[in-house]
file start14.cif (mmCIF, C-alpha atoms)
data_protein
#
loop_
_atom_site.group_PDB
_atom_site.id
_atom_site.type_symbol
_atom_site.label_atom_id
_atom_site.label_comp_id
_atom_site.auth_asym_id
_atom_site.auth_seq_id
_atom_site.Cartn_x
_atom_site.Cartn_y
_atom_site.Cartn_z
ATOM 1 C CA MET A 155 -6.810 19.560 -9.622
ATOM 2 C CA PRO A 156 -4.558 19.209 -6.562
ATOM 3 C CA ASP A 157 -0.903 20.132 -6.917
ATOM 4 C CA PRO A 158 1.056 16.841 -6.855
ATOM 5 C CA HIS A 159 3.986 18.203 -4.856
ATOM 6 C CA THR A 160 1.698 19.782 -2.275
ATOM 7 C CA ALA A 161 -0.201 16.479 -2.076
ATOM 8 C CA LEU A 162 3.047 14.601 -1.396
ATOM 9 C CA ASP A 163 4.013 17.091 1.316
ATOM 10 C CA ASP A 164 0.571 16.612 2.873
ATOM 11 C CA LEU A 165 0.964 12.822 2.770
ATOM 12 C CA LEU A 166 4.413 12.961 4.371
ATOM 13 C CA ALA A 167 2.980 15.177 7.110
ATOM 14 C CA LEU A 168 0.154 12.670 7.618
ATOM 15 C CA LEU A 169 2.687 9.884 8.099
ATOM 16 C CA ASP A 170 4.886 11.912 10.472
ATOM 17 C CA LEU A 171 3.457 10.710 13.786
ATOM 18 C CA GLU A 172 3.469 12.610 17.077
ATOM 19 C CA ARG A 173 5.307 10.808 19.847
ATOM 20 C CA ILE A 174 3.193 10.868 23.031
ATOM 21 C CA GLU A 175 5.269 8.479 25.165
ATOM 22 C CA GLN A 176 8.318 6.324 24.457
ATOM 23 C CA ASP A 177 6.312 3.680 22.565
ATOM 24 C CA ILE A 178 3.010 5.490 21.990
ATOM 25 C CA PHE A 179 2.342 7.604 18.907
ATOM 26 C CA ARG A 180 -0.586 9.582 17.536
ATOM 27 C CA GLY A 181 -1.478 10.058 13.883
ATOM 28 C CA GLU A 182 -4.063 12.189 12.161
ATOM 29 C CA SER A 183 -6.656 10.731 9.804
ATOM 30 C CA ARG A 184 -8.325 11.840 6.622
ATOM 31 C CA SER A 185 -11.190 10.676 4.457
ATOM 32 C CA ALA A 186 -10.753 8.198 1.638
ATOM 33 C CA LEU A 187 -13.033 7.404 -1.312
ATOM 34 C CA VAL A 188 -15.289 5.588 1.130
ATOM 35 C CA PRO A 189 -16.411 6.951 4.533
ATOM 36 C CA ARG A 190 -13.563 5.364 6.494
ATOM 37 C CA VAL A 191 -9.828 5.736 6.826
ATOM 38 C CA PHE A 192 -7.855 4.371 3.862
ATOM 39 C CA GLY A 193 -6.273 1.070 4.892
ATOM 40 C CA GLY A 194 -2.915 1.955 3.370
ATOM 41 C CA GLN A 195 -2.744 5.006 5.626
ATOM 42 C CA VAL A 196 -3.225 2.961 8.807
ATOM 43 C CA ALA A 197 -0.708 0.324 7.698
ATOM 44 C CA ALA A 198 1.872 2.972 6.777
ATOM 45 C CA GLN A 199 1.406 4.883 10.036
ATOM 46 C CA ALA A 200 1.686 1.680 12.076
ATOM 47 C CA LEU A 201 4.938 0.823 10.281
ATOM 48 C CA VAL A 202 6.252 4.315 11.046
ATOM 49 C CA ALA A 203 5.441 3.762 14.732
ATOM 50 C CA ALA A 204 7.226 0.398 14.741
ATOM 51 C CA GLY A 205 10.224 1.744 12.849
ATOM 52 C CA ARG A 206 10.755 4.605 15.284
ATOM 53 C CA THR A 207 11.471 2.108 18.072
ATOM 54 C CA VAL A 208 14.081 0.180 16.059
ATOM 55 C CA PRO A 209 17.809 0.996 15.577
ATOM 56 C CA GLY A 210 18.459 2.723 12.263
ATOM 57 C CA ASP A 211 20.713 -0.055 10.968
ATOM 58 C CA ARG A 212 17.822 -2.569 11.029
ATOM 59 C CA LEU A 213 15.643 -2.459 7.950
ATOM 60 C CA ALA A 214 12.041 -3.624 7.667
ATOM 61 C CA HIS A 215 11.882 -6.991 5.907
ATOM 62 C CA SER A 216 8.252 -8.057 6.542
ATOM 63 C CA LEU A 217 4.900 -7.009 7.942
ATOM 64 C CA HIS A 218 1.700 -8.892 8.669
ATOM 65 C CA ALA A 219 -1.461 -6.970 9.492
ATOM 66 C CA TYR A 220 -5.182 -7.302 10.162
ATOM 67 C CA PHE A 221 -7.804 -4.631 9.621
ATOM 68 C CA LEU A 222 -10.197 -5.054 12.557
ATOM 69 C CA ARG A 223 -12.677 -2.161 12.339
ATOM 70 C CA PRO A 224 -13.311 0.741 9.947
ATOM 71 C CA GLY A 225 -11.258 3.776 10.940
ATOM 72 C CA ASP A 226 -13.014 7.079 11.669
ATOM 73 C CA PRO A 227 -11.490 9.772 9.408
ATOM 74 C CA GLY A 228 -12.628 12.472 11.834
ATOM 75 C CA ALA A 229 -10.564 11.249 14.777
ATOM 76 C CA PRO A 230 -6.840 10.689 15.465
ATOM 77 C CA ILE A 231 -5.432 7.175 15.783
ATOM 78 C CA VAL A 232 -3.207 6.134 18.685
ATOM 79 C CA TYR A 233 -0.493 3.549 17.953
ATOM 80 C CA THR A 234 0.973 1.520 20.811
ATOM 81 C CA VAL A 235 4.185 -0.379 20.086
ATOM 82 C CA ASP A 236 5.104 -3.580 21.915
ATOM 83 C CA ARG A 237 8.809 -4.435 21.780
ATOM 84 C CA ILE A 238 8.455 -8.171 21.232
ATOM 85 C CA ARG A 239 12.083 -9.043 20.493
ATOM 86 C CA ASP A 240 15.498 -7.424 20.083
ATOM 87 C CA GLY A 241 17.861 -10.121 18.857
ATOM 88 C CA ARG A 242 21.373 -10.001 17.444
ATOM 89 C CA SER A 243 20.096 -9.835 13.841
ATOM 90 C CA PHE A 244 16.317 -9.433 14.011
ATOM 91 C CA THR A 245 13.966 -7.047 15.804
ATOM 92 C CA THR A 246 10.228 -7.687 16.091
ATOM 93 C CA ARG A 247 7.526 -5.157 16.920
ATOM 94 C CA ARG A 248 3.781 -5.444 17.403
ATOM 95 C CA VAL A 249 1.587 -2.376 16.912
ATOM 96 C CA VAL A 250 -2.047 -1.887 17.897
ATOM 97 C CA ALA A 251 -3.945 1.080 16.439
ATOM 98 C CA VAL A 252 -6.782 2.363 18.623
ATOM 99 C CA GLN A 253 -9.672 4.747 17.993
ATOM 100 C CA HIS A 254 -12.515 5.566 20.391
ATOM 101 C CA GLY A 255 -11.149 3.019 22.851
ATOM 102 C CA GLN A 256 -11.231 0.099 20.399
ATOM 103 C CA PRO A 257 -8.508 -1.546 18.308
ATOM 104 C CA VAL A 258 -8.988 -0.888 14.594
ATOM 105 C CA PHE A 259 -5.764 -2.403 13.238
ATOM 106 C CA HIS A 260 -3.018 -4.789 14.312
ATOM 107 C CA LEU A 261 0.450 -5.073 12.762
ATOM 108 C CA SER A 262 3.503 -7.226 13.386
ATOM 109 C CA ALA A 263 6.711 -6.120 11.699
ATOM 110 C CA SER A 264 10.205 -7.603 11.588
ATOM 111 C CA PHE A 265 13.475 -5.741 10.989
ATOM 112 C CA GLN A 266 16.929 -7.133 10.188
ATOM 113 C CA THR A 267 20.513 -5.941 10.045
ATOM 114 C CA TYR A 268 21.972 -6.153 6.526
ATOM 115 C CA GLU A 269 23.836 -9.333 5.656
ATOM 116 C CA GLU A 270 25.054 -11.121 2.530
ATOM 117 C CA GLY A 271 23.262 -14.302 1.457
ATOM 118 C CA LEU A 272 22.169 -16.581 -1.391
ATOM 119 C CA GLU A 273 20.552 -14.690 -4.286
ATOM 120 C CA HIS A 274 17.836 -15.636 -6.786
ATOM 121 C CA GLN A 275 14.518 -14.156 -7.876
ATOM 122 C CA ALA A 276 11.567 -14.571 -10.232
ATOM 123 C CA ASP A 277 12.054 -12.707 -13.487
ATOM 124 C CA MET A 278 10.239 -9.444 -14.024
ATOM 125 C CA PRO A 279 7.287 -9.942 -16.407
ATOM 126 C CA PRO A 280 6.923 -7.938 -19.620
ATOM 127 C CA ALA A 281 5.403 -4.497 -19.057
ATOM 128 C CA PRO A 282 5.098 -1.298 -21.097
ATOM 129 C CA ASP A 283 7.372 1.659 -20.408
ATOM 130 C CA PRO A 284 5.675 3.719 -17.670
ATOM 131 C CA GLU A 285 6.413 6.966 -19.507
ATOM 132 C CA SER A 286 4.343 5.678 -22.447
ATOM 133 C CA LEU A 287 1.208 5.224 -20.315
ATOM 134 C CA PRO A 288 -1.472 7.839 -19.605
ATOM 135 C CA THR A 289 -1.411 9.635 -16.268
ATOM 136 C CA ALA A 290 -4.354 9.389 -13.882
ATOM 137 C CA ASP A 291 -5.482 12.871 -14.945
ATOM 138 C CA GLU A 292 -5.615 11.664 -18.560
ATOM 139 C CA MET A 293 -7.005 8.153 -18.007
ATOM 140 C CA LEU A 294 -9.583 8.326 -15.220
ATOM 141 C CA PRO A 295 -12.027 10.792 -16.871
ATOM 142 C CA ARG A 296 -12.235 8.442 -19.877
ATOM 143 C CA HIS A 297 -13.820 5.692 -17.790
ATOM 144 C CA LEU A 298 -15.500 7.323 -14.785
ATOM 145 C CA PRO A 299 -18.077 10.063 -14.187
ATOM 146 C CA ARG A 300 -16.252 13.370 -13.795
ATOM 147 C CA GLU A 301 -17.091 13.748 -10.095
ATOM 148 C CA VAL A 302 -15.883 10.228 -9.287
ATOM 149 C CA ALA A 303 -12.735 10.687 -11.381
ATOM 150 C CA ASP A 304 -11.918 13.950 -9.600
ATOM 151 C CA ARG A 305 -12.307 12.315 -6.181
ATOM 152 C CA LEU A 306 -10.029 9.438 -7.166
ATOM 153 C CA ILE A 307 -7.429 11.785 -8.639
ATOM 154 C CA GLU A 308 -7.469 13.859 -5.448
ATOM 155 C CA ALA A 309 -7.170 10.777 -3.213
ATOM 156 C CA ARG A 310 -4.100 9.564 -5.157
ATOM 157 C CA ALA A 311 -2.530 12.927 -5.973
ATOM 158 C CA ALA A 312 0.671 12.232 -4.025
ATOM 159 C CA VAL A 313 1.414 9.248 -6.282
ATOM 160 C CA ASP A 314 1.938 8.979 -10.033
ATOM 161 C CA LEU A 315 0.076 5.714 -10.670
ATOM 162 C CA ARG A 316 -0.320 4.467 -14.247
ATOM 163 C CA TYR A 317 -2.297 1.419 -15.376
ATOM 164 C CA ALA A 318 -0.661 -0.773 -18.002
ATOM 165 C CA ASP A 319 -4.114 -1.875 -19.223
ATOM 166 C CA VAL A 320 -7.712 -0.769 -18.858
ATOM 167 C CA PRO A 321 -8.613 -0.647 -15.133
ATOM 168 C CA PRO A 322 -11.678 -2.479 -13.716
ATOM 169 C CA TRP A 323 -14.003 0.487 -14.099
ATOM 170 C CA GLY A 324 -13.084 0.707 -17.781
ATOM 171 C CA SER A 325 -14.340 -2.797 -18.630
ATOM 172 C CA VAL A 326 -17.489 -3.222 -16.538
ATOM 173 C CA GLY A 327 -19.492 -6.279 -17.581
ATOM 174 C CA GLN A 328 -16.528 -7.853 -19.384
ATOM 175 C CA PRO A 329 -14.795 -10.481 -17.214
ATOM 176 C CA ARG A 330 -11.068 -10.680 -17.956
ATOM 177 C CA GLU A 331 -8.010 -12.568 -16.832
ATOM 178 C CA PRO A 332 -7.511 -11.686 -13.151
ATOM 179 C CA ARG A 333 -4.233 -9.879 -13.673
ATOM 180 C CA SER A 334 -3.367 -6.198 -13.401
ATOM 181 C CA GLN A 335 -0.206 -4.141 -13.733
ATOM 182 C CA VAL A 336 0.416 -0.594 -12.572
ATOM 183 C CA TRP A 337 3.553 1.494 -12.422
ATOM 184 C CA PHE A 338 3.880 3.894 -9.516
ATOM 185 C CA ARG A 339 6.213 6.400 -7.899
ATOM 186 C CA THR A 340 5.713 9.357 -5.593
ATOM 187 C CA ASN A 341 5.068 12.740 -7.188
ATOM 188 C CA GLY A 342 8.328 14.195 -5.963
ATOM 189 C CA LYS A 343 11.661 13.190 -4.471
ATOM 190 C CA LEU A 344 11.923 11.636 -1.043
ATOM 191 C CA ALA A 345 14.664 11.767 1.579
ATOM 192 C CA ASP A 346 17.157 8.890 1.631
ATOM 193 C CA ASP A 347 15.718 7.273 4.804
ATOM 194 C CA PRO A 348 15.068 3.594 3.836
ATOM 195 C CA LEU A 349 12.112 3.345 6.244
ATOM 196 C CA LEU A 350 10.376 6.212 4.442
ATOM 197 C CA HIS A 351 10.495 4.377 1.104
ATOM 198 C CA VAL A 352 9.167 1.172 2.678
ATOM 199 C CA VAL A 353 6.366 3.163 4.342
ATOM 200 C CA LEU A 354 5.361 4.861 1.072
ATOM 201 C CA ALA A 355 5.310 1.525 -0.771
ATOM 202 C CA THR A 356 3.120 0.129 2.022
ATOM 203 C CA TYR A 357 0.735 3.062 1.608
ATOM 204 C CA VAL A 358 0.418 2.562 -2.158
ATOM 205 C CA SER A 359 0.181 -1.238 -1.942
ATOM 206 C CA ASP A 360 -3.399 -1.057 -0.644
ATOM 207 C CA MET A 361 -4.649 1.064 -3.567
ATOM 208 C CA THR A 362 -4.999 -1.484 -6.370
ATOM 209 C CA LEU A 363 -4.237 -5.006 -5.119
ATOM 210 C CA LEU A 364 -7.839 -6.236 -5.246
ATOM 211 C CA ASP A 365 -8.365 -4.868 -8.784
ATOM 212 C CA SER A 366 -7.546 -8.295 -10.173
ATOM 213 C CA VAL A 367 -10.457 -9.793 -8.203
ATOM 214 C CA LEU A 368 -12.790 -7.277 -9.842
ATOM 215 C CA LEU A 369 -11.419 -7.986 -13.316
ATOM 216 C CA ALA A 370 -12.294 -11.686 -13.037
ATOM 217 C CA HIS A 371 -15.975 -10.772 -12.607
ATOM 218 C CA GLY A 372 -16.313 -7.683 -14.792
ATOM 219 C CA ARG A 373 -16.942 -5.439 -11.786
ATOM 220 C CA GLY A 374 -15.995 -1.772 -11.692
ATOM 221 C CA GLY A 375 -15.265 -1.582 -7.993
ATOM 222 C CA TRP A 376 -15.754 0.680 -5.028
ATOM 223 C CA ALA A 377 -15.676 3.869 -7.122
ATOM 224 C CA LEU A 378 -18.732 2.728 -9.105
ATOM 225 C CA GLY A 379 -20.477 0.964 -6.227
ATOM 226 C CA ASP A 380 -21.112 -2.355 -8.009
ATOM 227 C CA VAL A 381 -19.199 -4.086 -5.193
ATOM 228 C CA VAL A 382 -18.669 -3.208 -1.548
ATOM 229 C CA GLY A 383 -15.667 -4.318 0.382
ATOM 230 C CA ALA A 384 -12.718 -3.644 2.626
ATOM 231 C CA SER A 385 -9.249 -4.998 3.310
ATOM 232 C CA LEU A 386 -9.141 -7.857 5.824
ATOM 233 C CA ASP A 387 -5.443 -8.605 6.109
ATOM 234 C CA HIS A 388 -2.237 -7.551 4.424
ATOM 235 C CA ALA A 389 1.272 -9.019 4.288
ATOM 236 C CA MET A 390 4.450 -7.694 2.683
ATOM 237 C CA TRP A 391 8.021 -8.943 2.382
ATOM 238 C CA PHE A 392 10.752 -6.446 1.476
ATOM 239 C CA HIS A 393 13.492 -8.318 -0.378
ATOM 240 C CA ARG A 394 15.841 -5.689 -1.821
ATOM 241 C CA PRO A 395 16.475 -1.958 -1.501
ATOM 242 C CA PHE A 396 14.301 0.317 -3.643
ATOM 243 C CA ARG A 397 13.163 3.914 -3.878
ATOM 244 C CA ALA A 398 9.477 4.775 -3.844
ATOM 245 C CA ASP A 399 10.229 7.970 -5.793
ATOM 246 C CA GLU A 400 11.467 5.908 -8.752
ATOM 247 C CA TRP A 401 9.243 3.767 -10.987
ATOM 248 C CA LEU A 402 8.075 0.474 -9.461
ATOM 249 C CA LEU A 403 6.054 -2.156 -11.326
ATOM 250 C CA TYR A 404 3.168 -3.594 -9.290
ATOM 251 C CA ASP A 405 2.334 -6.909 -10.967
ATOM 252 C CA GLN A 406 -0.906 -8.226 -9.424
ATOM 253 C CA GLU A 407 -3.146 -11.264 -9.787
ATOM 254 C CA SER A 408 -6.031 -12.980 -8.005
ATOM 255 C CA PRO A 409 -5.849 -16.774 -7.723
ATOM 256 C CA THR A 410 -9.277 -17.111 -6.066
ATOM 257 C CA SER A 411 -12.406 -15.500 -4.646
ATOM 258 C CA SER A 412 -15.136 -17.201 -2.621
ATOM 259 C CA GLY A 413 -17.291 -16.737 0.453
ATOM 260 C CA GLY A 414 -17.524 -12.976 -0.038
ATOM 261 C CA ARG A 415 -13.726 -12.668 0.027
ATOM 262 C CA GLY A 416 -11.123 -12.179 -2.682
ATOM 263 C CA LEU A 417 -7.380 -12.835 -2.584
ATOM 264 C CA GLY A 418 -4.808 -10.672 -4.320
ATOM 265 C CA GLN A 419 -1.113 -11.433 -4.605
ATOM 266 C CA ALA A 420 1.604 -9.384 -6.239
ATOM 267 C CA ARG A 421 5.257 -8.713 -6.848
ATOM 268 C CA ILE A 422 6.794 -5.258 -7.018
ATOM 269 C CA TYR A 423 9.850 -4.765 -9.225
ATOM 270 C CA THR A 424 12.237 -1.885 -9.736
ATOM 271 C CA GLN A 425 12.430 -0.545 -13.279
ATOM 272 C CA ASP A 426 15.732 -2.365 -13.837
ATOM 273 C CA GLY A 427 14.098 -5.724 -12.970
ATOM 274 C CA ARG A 428 14.999 -6.364 -9.327
ATOM 275 C CA LEU A 429 12.268 -8.043 -7.258
ATOM 276 C CA ALA A 430 11.839 -5.603 -4.362
ATOM 277 C CA ILE A 431 8.604 -6.622 -2.583
ATOM 278 C CA SER A 432 6.068 -9.461 -2.410
ATOM 279 C CA VAL A 433 2.507 -8.671 -1.288
ATOM 280 C CA ILE A 434 -0.588 -10.718 -0.376
ATOM 281 C CA GLN A 435 -3.952 -9.331 0.700
ATOM 282 C CA GLU A 436 -7.417 -10.725 1.324
ATOM 283 C CA GLY A 437 -10.423 -8.453 1.274
ATOM 284 C CA VAL A 438 -14.180 -8.521 1.586
ATOM 285 C CA VAL A 439 -15.678 -8.293 -1.925
ATOM 286 C CA ARG A 440 -19.471 -8.405 -1.904
ATOM 287 C CA VAL A 441 -22.106 -7.660 -4.519
ATOM 288 C CA PRO A 442 -24.642 -5.180 -3.063
ATOM 289 C CA ARG A 443 -28.065 -6.659 -2.445
#
call {"tool": "encode", "arguments": {"input": "start14.cif", "output": "C-alpha cells"}}
result
Amino acid sequence: MPDPHTALDDLLALLDLERIEQDIFRGESRSALVPRVFGGQVAAQALVAAGRTVPGDRLAHSLHAYFLRPGDPGAPIVYTVDRIRDGRSFTTRRVVAVQHGQPVFHLSASFQTYEEGLEHQADMPPAPDPESLPTADEMLPRHLPREVADRLIEARAAVDLRYADVPPWGSVGQPREPRSQVWFRTNGKLADDPLLHVVLATYVSDMTLLDSVLLAHGRGGWALGDVVGASLDHAMWFHRPFRADEWLLYDQESPTSSGGRGLGQARIYTQDGRLAISVIQEGVVRVPR
C-alpha cells in the first residue's frame, strides 16, 4: 500500500505548477482509475494557475468549469490565464487548459477581499463521527475485487476519505435513496495558505459527487464498469474559511438524471457545523451497450 504522507507530498508536487510566462503555467499529469486525467486534478491545477495571478489578500469564492476533452495522462497540460477583471473588491480570472494544441478544460474563478456581511446558513445534517468509520484500506476490499480496491486506494492515498454508508459498489443491484455522505481530510498537515486548502477541496470534490446518481439506480460505478461516464461541468462556491487537513463532511445528493447525464449537488461542512462550500456537478452517466 502507498504511504499516505508520501502520497500527499506527491499530490502537492503535482499541483505546484511551473510558471512559463507571466500568465502561462505548465502542470504534469498522471493516470487515474480510467485512462484519462482525473478531472479533479485539472480543476485544482487550473485554480492554482488563476490564484497565482491574484493578490494574496483576495480569496477564491467561486469557480465554474467545463470539461471539454479527456486529458492525456502521458502529457503535460498548459494553463493560460486571462485577467478578466481587477476591481476594488473582486478579481475574475479565466483559465484555459491545453493539451496537444486543443483545449481540454475551461475555468472561470472569482476572488474577493474579506468583508463583513449578513450571516445565515443551512444546518449541518446528522452524520456519524468520522473516527468511527472504516478507512478506505479497511472498507474497499470488502466490496471490490482486490485488484480494483488496490487501484482505488492508490488513487486516493493522499486523502483520508470515509463513507458514512455503504458506497455504490457495495450495493449493486439495490437502488437506494440518491444521497451519500463522506468525511474527508488530507493525509497530513498542510501549510496555512488559504488557496492551498481551497485547491485541495476542489481536487477531492470530483471524487464522489456522482455517487448519489449511481445509488438511485443500483449501479456500482466506474470501478466496476457497469456505467461509463465523465464529468461535464463543475461549480463550487466557497462560503467560509476551512482547512482541508481537518475533517470535512461532504453531504451529496442527486435530484435528477436523464438523457445520459446525472446531476449531483452537495454541501461541505466543517466538523463543527459551519457550511464551508456548495458544489454542483453534471456528468455523463451511461449504461454500456
call {"tool": "residues_around", "arguments": {"input": "start14.cif", "residues": "Arg330 in chain A", "least_positions_apart": "4", "cutoff": "9 Å", "atoms": "only C-alpha atoms", "output": "mmCIF file with C-alpha atoms, in the coordinates of the input"}}
result
data_model
loop_
_atom_site.group_PDB
_atom_site.id
_atom_site.type_symbol
_atom_site.label_atom_id
_atom_site.label_comp_id
_atom_site.auth_asym_id
_atom_site.auth_seq_id
_atom_site.Cartn_x
_atom_site.Cartn_y
_atom_site.Cartn_z
ATOM 1 C CA SER A 325 -14.340 -2.797 -18.630
ATOM 2 C CA SER A 366 -7.546 -8.295 -10.173
ATOM 3 C CA LEU A 368 -12.790 -7.277 -9.842
ATOM 4 C CA LEU A 369 -11.419 -7.986 -13.316
ATOM 5 C CA ALA A 370 -12.294 -11.686 -13.037
ATOM 6 C CA HIS A 371 -15.975 -10.772 -12.607
ATOM 7 C CA GLY A 372 -16.313 -7.683 -14.792
#
call {"tool": "closest_residue", "arguments": {"input": "start14.cif", "among": "A:Met361, A:Pro348, A:Trp376, A:Phe338", "to": "Trp401 in chain A", "atoms": "all atoms listed in the file"}}
result
A:Phe338
call {"tool": "resolve_selection", "arguments": {"input": "start14.cif", "expression": "the PyMOL selection byres ((chain A and resi 291) around 12)", "output": "mmCIF file with C-alpha atoms, in the frame of the given file"}}
result
data_model
loop_
_atom_site.group_PDB
_atom_site.id
_atom_site.type_symbol
_atom_site.label_atom_id
_atom_site.label_comp_id
_atom_site.auth_asym_id
_atom_site.auth_seq_id
_atom_site.Cartn_x
_atom_site.Cartn_y
_atom_site.Cartn_z
ATOM 1 C CA MET A 155 -6.810 19.560 -9.622
ATOM 2 C CA PRO A 156 -4.558 19.209 -6.562
ATOM 3 C CA ASP A 157 -0.903 20.132 -6.917
ATOM 4 C CA PRO A 158 1.056 16.841 -6.855
ATOM 5 C CA LEU A 287 1.208 5.224 -20.315
ATOM 6 C CA PRO A 288 -1.472 7.839 -19.605
ATOM 7 C CA THR A 289 -1.411 9.635 -16.268
ATOM 8 C CA ALA A 290 -4.354 9.389 -13.882
ATOM 9 C CA GLU A 292 -5.615 11.664 -18.560
ATOM 10 C CA MET A 293 -7.005 8.153 -18.007
ATOM 11 C CA LEU A 294 -9.583 8.326 -15.220
ATOM 12 C CA PRO A 295 -12.027 10.792 -16.871
ATOM 13 C CA ARG A 296 -12.235 8.442 -19.877
ATOM 14 C CA HIS A 297 -13.820 5.692 -17.790
ATOM 15 C CA LEU A 298 -15.500 7.323 -14.785
ATOM 16 C CA ARG A 300 -16.252 13.370 -13.795
ATOM 17 C CA ALA A 303 -12.735 10.687 -11.381
ATOM 18 C CA ASP A 304 -11.918 13.950 -9.600
ATOM 19 C CA ARG A 305 -12.307 12.315 -6.181
ATOM 20 C CA LEU A 306 -10.029 9.438 -7.166
ATOM 21 C CA ILE A 307 -7.429 11.785 -8.639
ATOM 22 C CA GLU A 308 -7.469 13.859 -5.448
ATOM 23 C CA ARG A 310 -4.100 9.564 -5.157
ATOM 24 C CA ALA A 311 -2.530 12.927 -5.973
ATOM 25 C CA VAL A 313 1.414 9.248 -6.282
ATOM 26 C CA ASP A 314 1.938 8.979 -10.033
ATOM 27 C CA LEU A 315 0.076 5.714 -10.670
ATOM 28 C CA ARG A 316 -0.320 4.467 -14.247
ATOM 29 C CA TYR A 317 -2.297 1.419 -15.376
#
call {"tool": "residues_around", "arguments": {"input": "start14.cif", "residues": "Asp283 in chain A", "least_positions_apart": "5", "cutoff": "10 Å", "atoms": "all atoms listed in the file", "output": "VMD selection string"}}
result
chain A and resid 318 337 401 403 425
call {"tool": "atom_distance", "arguments": {"input": "start14.cif", "atom1": "CA of Glu331 in chain A", "atom2": "CA of Leu402 in chain A"}}
result
22.0 Å
call {"tool": "resolve_selection", "arguments": {"input": "start14.cif", "expression": "the PyMOL selection byres ((chain A and resi 168) around 9)", "output": "PyMOL selection string"}}
result
chain A and resi 163-167+169-171+181-184+195+199
call {"tool": "resolve_selection", "arguments": {"input": "start14.cif", "expression": "the PyMOL selection byres ((chain A and resi 190) around 12)", "output": "compact mmCIF listing (two decimals) with C-alpha atoms, in the frame of the given file"}}
result
# COMPACT_ATOMS: atom_id res chain seq x y z
CA SER A 183 -6.66 10.73 9.80
CA ARG A 184 -8.32 11.84 6.62
CA SER A 185 -11.19 10.68 4.46
CA ALA A 186 -10.75 8.20 1.64
CA LEU A 187 -13.03 7.40 -1.31
CA VAL A 188 -15.29 5.59 1.13
CA PRO A 189 -16.41 6.95 4.53
CA VAL A 191 -9.83 5.74 6.83
CA PHE A 192 -7.86 4.37 3.86
CA GLY A 193 -6.27 1.07 4.89
CA GLY A 194 -2.92 1.96 3.37
CA GLN A 195 -2.74 5.01 5.63
CA VAL A 196 -3.22 2.96 8.81
CA PHE A 221 -7.80 -4.63 9.62
CA ARG A 223 -12.68 -2.16 12.34
CA PRO A 224 -13.31 0.74 9.95
CA GLY A 225 -11.26 3.78 10.94
CA ASP A 226 -13.01 7.08 11.67
CA PRO A 227 -11.49 9.77 9.41
CA GLY A 228 -12.63 12.47 11.83
CA ALA A 229 -10.56 11.25 14.78
CA VAL A 258 -8.99 -0.89 14.59
CA GLY A 383 -15.67 -4.32 0.38
CA ALA A 384 -12.72 -3.64 2.63
CA SER A 385 -9.25 -5.00 3.31
call {"tool": "closest_residue", "arguments": {"input": "start14.cif", "among": "A:Gln406, A:Asn341, A:Gln435, A:Ser264", "to": "Tyr423 in chain A", "atoms": "all atoms listed in the file"}}
result
A:Gln406
call {"tool": "build_atoms", "arguments": {"input": "start14.cif", "residues": "range 273-286 of chain A", "atoms": "N, CA and C atoms", "output": "PDB file, keeping the file's coordinate frame"}}
result
ATOM      1  N   GLU A 273      21.358 -15.609  -3.474  1.00  0.00           N
ATOM      2  CA  GLU A 273      20.552 -14.690  -4.286  1.00  0.00           C
ATOM      3  C   GLU A 273      19.876 -15.424  -5.437  1.00  0.00           C
ATOM      4  N   HIS A 274      18.567 -15.300  -5.563  1.00  0.00           N
ATOM      5  CA  HIS A 274      17.836 -15.636  -6.786  1.00  0.00           C
ATOM      6  C   HIS A 274      16.507 -14.921  -6.710  1.00  0.00           C
ATOM      7  N   GLN A 275      15.810 -14.818  -7.846  1.00  0.00           N
ATOM      8  CA  GLN A 275      14.518 -14.156  -7.876  1.00  0.00           C
ATOM      9  C   GLN A 275      13.743 -14.569  -9.114  1.00  0.00           C
ATOM     10  N   ALA A 276      12.411 -14.399  -9.048  1.00  0.00           N
ATOM     11  CA  ALA A 276      11.567 -14.571 -10.232  1.00  0.00           C
ATOM     12  C   ALA A 276      11.826 -13.425 -11.194  1.00  0.00           C
ATOM     13  N   ASP A 277      11.810 -13.736 -12.478  1.00  0.00           N
ATOM     14  CA  ASP A 277      12.054 -12.707 -13.487  1.00  0.00           C
ATOM     15  C   ASP A 277      10.908 -11.703 -13.527  1.00  0.00           C
ATOM     16  N   MET A 278      11.244 -10.485 -13.839  1.00  0.00           N
ATOM     17  CA  MET A 278      10.239  -9.444 -14.024  1.00  0.00           C
ATOM     18  C   MET A 278       9.430  -9.740 -15.282  1.00  0.00           C
ATOM     19  N   PRO A 279       8.097  -9.663 -15.220  1.00  0.00           N
ATOM     20  CA  PRO A 279       7.287  -9.942 -16.407  1.00  0.00           C
ATOM     21  C   PRO A 279       7.350  -8.794 -17.408  1.00  0.00           C
ATOM     22  N   PRO A 280       6.977  -9.035 -18.652  1.00  0.00           N
ATOM     23  CA  PRO A 280       6.923  -7.938 -19.620  1.00  0.00           C
ATOM     24  C   PRO A 280       5.933  -6.872 -19.164  1.00  0.00           C
ATOM     25  N   ALA A 281       6.276  -5.619 -19.416  1.00  0.00           N
ATOM     26  CA  ALA A 281       5.403  -4.497 -19.057  1.00  0.00           C
ATOM     27  C   ALA A 281       5.768  -3.306 -19.926  1.00  0.00           C
ATOM     28  N   PRO A 282       4.795  -2.485 -20.284  1.00  0.00           N
ATOM     29  CA  PRO A 282       5.098  -1.298 -21.097  1.00  0.00           C
ATOM     30  C   PRO A 282       5.915  -0.282 -20.312  1.00  0.00           C
ATOM     31  N   ASP A 283       6.616   0.570 -21.023  1.00  0.00           N
ATOM     32  CA  ASP A 283       7.372   1.659 -20.408  1.00  0.00           C
ATOM     33  C   ASP A 283       6.390   2.577 -19.668  1.00  0.00           C
ATOM     34  N   PRO A 284       6.633   2.875 -18.394  1.00  0.00           N
ATOM     35  CA  PRO A 284       5.675   3.719 -17.670  1.00  0.00           C
ATOM     36  C   PRO A 284       5.479   5.089 -18.288  1.00  0.00           C
ATOM     37  N   GLU A 285       6.537   5.636 -18.905  1.00  0.00           N
ATOM     38  CA  GLU A 285       6.413   6.966 -19.507  1.00  0.00           C
ATOM     39  C   GLU A 285       5.495   6.965 -20.728  1.00  0.00           C
ATOM     40  N   SER A 286       5.218   5.766 -21.276  1.00  0.00           N
ATOM     41  CA  SER A 286       4.343   5.678 -22.447  1.00  0.00           C
ATOM     42  C   SER A 286       2.870   5.578 -22.064  1.00  0.00           C
TER      43      SER A 286
END
